[in-house]
Amino acid sequence: MKIIQHKSFVNLYNKDQSIFDQLFKDVNTLTKLSNRIVKLSKNFDLYSYKDGEKVKGDLFEIFSECFFKILSADNRIGVYGYQPCPLNDDYGVDGFGTGMNGLPLTIQVKFRSNITTELTSDDVKQFAFQSIVEYNVDKDTRTNMIVFTNSKGLHWVTESKVLSGRVKTIGYDIISQIIDGNFVFWLEVGDLIKQTISEKYK
């Protein structure tokens, strides 16, 4: 049975049982989702967060878990058995699973309020190192370290020079191509949210 495992899911729901209804109501594109996340983050006091940026990050990480669980077999994605990392272990890796080659895979999730921005080396920091050392990702991979972002993606200097082409980006263009107007995808997101609430609060 698939349920959302991200630790902040329960924290957010306990603070506001309408939070996920607000997040996904009438949302059927990545742009709408991004705008809704920004809007909800302005209520961060309600959710007992230190700042709105944390709310944005957690909501997008919860969405990313839905994305990978629903689309795991899509060969544009290829992430089997996605699991979010414990919150206290977040040193660059936000989730992990198995890649299409059957080997360990890691994911870093990055939300940006401005979807036209590009991520730099400061944004991905320890991701590649932690992936290799802590999660046994092949250092020569070109597929099994993924940055998942609603922004444009990695700046070309970071992608080609700093990371030597070892990190794959699933960015705005790819995500929106898959989910924008995809009625079945958004229906499955809703089902996953309902199933998680039912399982955790039965």
# chains A, B, ... in the order shown; residues from 1 in each chain; ligands from 1
$ residues_around --residues "region 101-109 of chain A" --least-positions-apart "2" --cutoff "9 Å" --atoms "only C-alpha atoms" --output "PyMOL selection string"
chain A and resi 57+60-61+64+78-80+82+84+92-99+111+124+127-128+131+135-138+143-150
$ select_by_dssp --residues "region 81-143 of chain A" --states "helix (DSSP H, G or I)" --output "VMD selection string"
chain A and resid 87 to 89 121 to 124 127 to 135
$ residues_around --residues "region 39-56 of chain A" --least-positions-apart "2" --cutoff "8 Å" --atoms "only C-alpha atoms" --output "JSON, numbers by chain"
{"A": [11, 12, 15, 16, 23, 35, 36, 37, 58, 59, 60, 111]}
$ closest_atom_pairs --of "region 56-173 of chain A" --to "region 189-198 of chain A" --cutoff "9 Å" --atoms "only C-alpha atoms" --output "JSON lines"
{"residue": "A:Phe63", "atom": "CA", "partner": "A:Val189", "partner_atom": "CA", "distance": 8.2}
{"residue": "A:Cys66", "atom": "CA", "partner": "A:Val189", "partner_atom": "CA", "distance": 6.1}
{"residue": "A:Phe67", "atom": "CA", "partner": "A:Val189", "partner_atom": "CA", "distance": 7.8}
{"residue": "A:Ile70", "atom": "CA", "partner": "A:Val189", "partner_atom": "CA", "distance": 7.7}
$ write_last_selection --atoms "N, CA, C and O atoms" --output "PDB file, in the first residue's frame"
ATOM      1  N   PHE A  63       5.031  16.773  -2.461  1.00  0.00           N
ATOM      2  CA  PHE A  63       4.593  16.604  -3.844  1.00  0.00           C
ATOM      3  C   PHE A  63       5.556  15.701  -4.605  1.00  0.00           C
ATOM      4  O   PHE A  63       5.135  14.834  -5.381  1.00  0.00           O
ATOM      5  N   CYS A  66       4.880  12.102  -4.013  1.00  0.00           N
ATOM      6  CA  CYS A  66       3.727  11.678  -4.817  1.00  0.00           C
ATOM      7  C   CYS A  66       4.154  11.419  -6.257  1.00  0.00           C
ATOM      8  O   CYS A  66       3.805  10.396  -6.864  1.00  0.00           O
ATOM      9  N   PHE A  67       4.908  12.345  -6.810  1.00  0.00           N
ATOM     10  CA  PHE A  67       5.366  12.273  -8.203  1.00  0.00           C
ATOM     11  C   PHE A  67       6.129  10.978  -8.454  1.00  0.00           C
ATOM     12  O   PHE A  67       5.833  10.243  -9.403  1.00  0.00           O
ATOM     13  N   ILE A  70       3.911   7.746  -8.042  1.00  0.00           N
ATOM     14  CA  ILE A  70       2.926   7.567  -9.104  1.00  0.00           C
ATOM     15  C   ILE A  70       3.593   7.240 -10.437  1.00  0.00           C
ATOM     16  O   ILE A  70       3.105   6.418 -11.209  1.00  0.00           O
TER      17      ILE A  70
END
$ residues_around --residues "Leu119 (chain A)" --least-positions-apart "3" --cutoff "9 Å" --atoms "only C-alpha atoms" --output "VMD selection string"
chain A and resid 110 122 to 124 151 to 155 158
$ atom_distance --atom1 "CA of Thr31 (chain A)" --atom2 "CA of Phe185 (chain A)"
15.3 Å
$ closest_residue --among "A:Thr169, A:Asn28, A:Ser34, A:Asn14" --to "Glu118 (chain A)" --atoms "only C-alpha atoms"
A:Thr169
$ atom_distance --atom1 "CA of Phe129 (chain A)" --atom2 "CA of Thr141 (chain A)"
12.6 Å
$ select_by_dssp --residues "region 62-188 of chain A" --states "strand (DSSP E or B)" --output "list in words"
Tyr80, Gly81, Tyr82, Gln83, Pro84, Gly95, Phe96, Gly97, Thr98, Pro104, Leu105, Thr106, Ile107, Gln108, Val109, Lys110, Glu118, Leu119, Met145, Ile146, Val147, Phe148, Thr149, Gly153, Leu154, Lys168, Thr169 and Ile170 of chain A
$ write_last_selection --atoms "N, CA, C and O atoms" --output "mmCIF file, in the first residue's frame"
data_model
loop_
_atom_site.group_PDB
_atom_site.id
_atom_site.type_symbol
_atom_site.label_atom_id
_atom_site.label_comp_id
_atom_site.auth_asym_id
_atom_site.auth_seq_id
_atom_site.Cartn_x
_atom_site.Cartn_y
_atom_site.Cartn_z
ATOM 1 N N TYR A 80 12.460 3.655 -8.536
ATOM 2 C CA TYR A 80 11.672 2.617 -7.871
ATOM 3 C C TYR A 80 11.858 2.694 -6.360
ATOM 4 O O TYR A 80 12.961 2.907 -5.865
ATOM 5 N N GLY A 81 10.759 2.513 -5.627
ATOM 6 C CA GLY A 81 10.836 2.418 -4.166
ATOM 7 C C GLY A 81 11.289 3.701 -3.495
ATOM 8 O O GLY A 81 12.025 3.662 -2.502
ATOM 9 N N TYR A 82 10.823 4.845 -3.999
ATOM 10 C CA TYR A 82 11.245 6.124 -3.428
ATOM 11 C C TYR A 82 10.915 6.206 -1.934
ATOM 12 O O TYR A 82 9.812 5.885 -1.504
ATOM 13 N N GLN A 83 11.892 6.654 -1.161
ATOM 14 C CA GLN A 83 11.690 6.906 0.262
ATOM 15 C C GLN A 83 12.315 8.256 0.622
ATOM 16 O O GLN A 83 13.456 8.524 0.225
ATOM 17 N N PRO A 84 11.599 9.087 1.356
ATOM 18 C CA PRO A 84 12.207 10.346 1.814
ATOM 19 C C PRO A 84 13.214 10.068 2.920
ATOM 20 O O PRO A 84 13.043 9.112 3.693
ATOM 21 N N GLY A 95 15.832 12.188 -0.772
ATOM 22 C CA GLY A 95 15.154 10.915 -0.964
ATOM 23 C C GLY A 95 16.059 9.937 -1.691
ATOM 24 O O GLY A 95 17.078 10.319 -2.262
ATOM 25 N N PHE A 96 15.680 8.670 -1.646
ATOM 26 C CA PHE A 96 16.498 7.652 -2.297
ATOM 27 C C PHE A 96 15.609 6.517 -2.794
ATOM 28 O O PHE A 96 14.446 6.379 -2.395
ATOM 29 N N GLY A 97 16.159 5.704 -3.675
ATOM 30 C CA GLY A 97 15.426 4.572 -4.220
ATOM 31 C C GLY A 97 16.361 3.763 -5.095
ATOM 32 O O GLY A 97 17.579 3.759 -4.888
ATOM 33 N N THR A 98 15.788 3.120 -6.098
ATOM 34 C CA THR A 98 16.562 2.296 -7.024
ATOM 35 C C THR A 98 16.326 2.809 -8.436
ATOM 36 O O THR A 98 15.186 3.096 -8.822
ATOM 37 N N PRO A 104 21.604 1.848 -6.596
ATOM 38 C CA PRO A 104 21.134 2.916 -5.706
ATOM 39 C C PRO A 104 21.021 4.261 -6.413
ATOM 40 O O PRO A 104 21.859 4.605 -7.267
ATOM 41 N N LEU A 105 20.007 5.000 -6.027
ATOM 42 C CA LEU A 105 19.705 6.293 -6.634
ATOM 43 C C LEU A 105 19.333 7.282 -5.533
ATOM 44 O O LEU A 105 18.705 6.896 -4.544
ATOM 45 N N THR A 106 19.734 8.535 -5.708
ATOM 46 C CA THR A 106 19.406 9.585 -4.738
ATOM 47 C C THR A 106 18.755 10.777 -5.432
ATOM 48 O O THR A 106 18.950 10.993 -6.626
ATOM 49 N N ILE A 107 18.013 11.541 -4.622
ATOM 50 C CA ILE A 107 17.293 12.698 -5.144
ATOM 51 C C ILE A 107 17.453 13.878 -4.206
ATOM 52 O O ILE A 107 17.360 13.722 -2.978
ATOM 53 N N GLN A 108 17.712 15.034 -4.760
ATOM 54 C CA GLN A 108 17.647 16.281 -4.004
ATOM 55 C C GLN A 108 16.507 17.108 -4.583
ATOM 56 O O GLN A 108 16.391 17.256 -5.800
ATOM 57 N N VAL A 109 15.640 17.616 -3.699
ATOM 58 C CA VAL A 109 14.457 18.367 -4.117
ATOM 59 C C VAL A 109 14.686 19.851 -3.846
ATOM 60 O O VAL A 109 15.064 20.231 -2.731
ATOM 61 N N LYS A 110 14.452 20.664 -4.859
ATOM 62 C CA LYS A 110 14.656 22.107 -4.720
ATOM 63 C C LYS A 110 13.441 22.877 -5.238
ATOM 64 O O LYS A 110 13.092 22.775 -6.421
ATOM 65 N N GLU A 118 17.989 29.435 -12.219
ATOM 66 C CA GLU A 118 18.831 28.255 -12.407
ATOM 67 C C GLU A 118 19.590 27.980 -11.110
ATOM 68 O O GLU A 118 20.011 28.907 -10.420
ATOM 69 N N LEU A 119 19.767 26.716 -10.802
ATOM 70 C CA LEU A 119 20.454 26.322 -9.577
ATOM 71 C C LEU A 119 21.966 26.354 -9.791
ATOM 72 O O LEU A 119 22.461 25.960 -10.842
ATOM 73 N N MET A 145 21.837 10.149 -9.770
ATOM 74 C CA MET A 145 21.758 11.294 -8.860
ATOM 75 C C MET A 145 20.871 12.312 -9.562
ATOM 76 O O MET A 145 21.199 12.786 -10.652
ATOM 77 N N ILE A 146 19.726 12.625 -8.942
ATOM 78 C CA ILE A 146 18.718 13.458 -9.592
ATOM 79 C C ILE A 146 18.405 14.695 -8.764
ATOM 80 O O ILE A 146 18.167 14.595 -7.559
ATOM 81 N N VAL A 147 18.418 15.843 -9.406
ATOM 82 C CA VAL A 147 17.892 17.063 -8.789
ATOM 83 C C VAL A 147 16.492 17.273 -9.356
ATOM 84 O O VAL A 147 16.317 17.389 -10.571
ATOM 85 N N PHE A 148 15.510 17.284 -8.464
ATOM 86 C CA PHE A 148 14.107 17.466 -8.835
ATOM 87 C C PHE A 148 13.706 18.875 -8.442
ATOM 88 O O PHE A 148 13.737 19.233 -7.274
ATOM 89 N N THR A 149 13.350 19.697 -9.415
ATOM 90 C CA THR A 149 13.098 21.107 -9.127
ATOM 91 C C THR A 149 12.004 21.689 -10.008
ATOM 92 O O THR A 149 11.829 21.261 -11.158
ATOM 93 N N GLY A 153 16.351 24.510 -13.734
ATOM 94 C CA GLY A 153 17.305 23.407 -13.595
ATOM 95 C C GLY A 153 18.665 23.903 -13.167
ATOM 96 O O GLY A 153 18.805 25.016 -12.650
ATOM 97 N N LEU A 154 19.676 23.089 -13.380
ATOM 98 C CA LEU A 154 21.041 23.460 -13.023
ATOM 99 C C LEU A 154 21.633 24.421 -14.043
ATOM 100 O O LEU A 154 21.432 24.251 -15.246
ATOM 101 N N LYS A 168 21.635 14.298 -12.952
ATOM 102 C CA LYS A 168 20.523 14.462 -13.895
ATOM 103 C C LYS A 168 19.508 15.434 -13.291
ATOM 104 O O LYS A 168 19.240 15.392 -12.093
ATOM 105 N N THR A 169 18.944 16.292 -14.114
ATOM 106 C CA THR A 169 17.935 17.233 -13.642
ATOM 107 C C THR A 169 16.562 16.850 -14.167
ATOM 108 O O THR A 169 16.399 16.607 -15.360
ATOM 109 N N ILE A 170 15.607 16.769 -13.254
ATOM 110 C CA ILE A 170 14.197 16.706 -13.636
ATOM 111 C C ILE A 170 13.633 18.059 -13.230
ATOM 112 O O ILE A 170 13.345 18.301 -12.058
#
$ closest_residue --among "A:Lys69, A:Ser18, A:Leu30, A:Ser113" --to "Ile4 (chain A)" --atoms "only C-alpha atoms"
A:Lys69
$ atom_distance --atom1 "CA of Lys125 (chain A)" --atom2 "CA of Ile174 (chain A)"
23.0 Å
$ closest_residue --among "A:Ile175, A:Asn114, A:Phe9, A:Asp180" --to "Asp74 (chain A)" --atoms "only C-alpha atoms"
A:Ile175
$ closest_residue --among "A:Ile77, A:Leu71, A:Leu187, A:Met100" --to "Lys25 (chain A)" --atoms "only C-alpha atoms"
A:Leu187
$ decode --residues "region 189-202 of chain A" --atoms "C-alpha atoms" --output "mmCIF file, in the first residue's frame"
data_model
loop_
_atom_site.group_PDB
_atom_site.id
_atom_site.type_symbol
_atom_site.label_atom_id
_atom_site.label_comp_id
_atom_site.auth_asym_id
_atom_site.auth_seq_id
_atom_site.Cartn_x
_atom_site.Cartn_y
_atom_site.Cartn_z
ATOM 1 C CA VAL A 189 -2.193 12.525 -6.104
ATOM 2 C CA GLY A 190 -5.555 13.075 -4.417
ATOM 3 C CA ASP A 191 -5.986 9.344 -3.821
ATOM 4 C CA LEU A 192 -2.504 9.120 -2.310
ATOM 5 C CA ILE A 193 -3.241 12.022 0.052
ATOM 6 C CA LYS A 194 -6.544 10.447 1.122
ATOM 7 C CA GLN A 195 -4.961 7.026 1.582
ATOM 8 C CA THR A 196 -2.189 8.477 3.730
ATOM 9 C CA ILE A 197 -4.634 10.353 5.951
ATOM 10 C CA SER A 198 -6.833 7.245 6.247
ATOM 11 C CA GLU A 199 -3.878 5.035 7.161
ATOM 12 C CA LYS A 200 -2.256 7.407 9.648
ATOM 13 C CA TYR A 201 -5.490 8.424 11.377
ATOM 14 C CA LYS A 202 -7.487 5.189 11.400
#
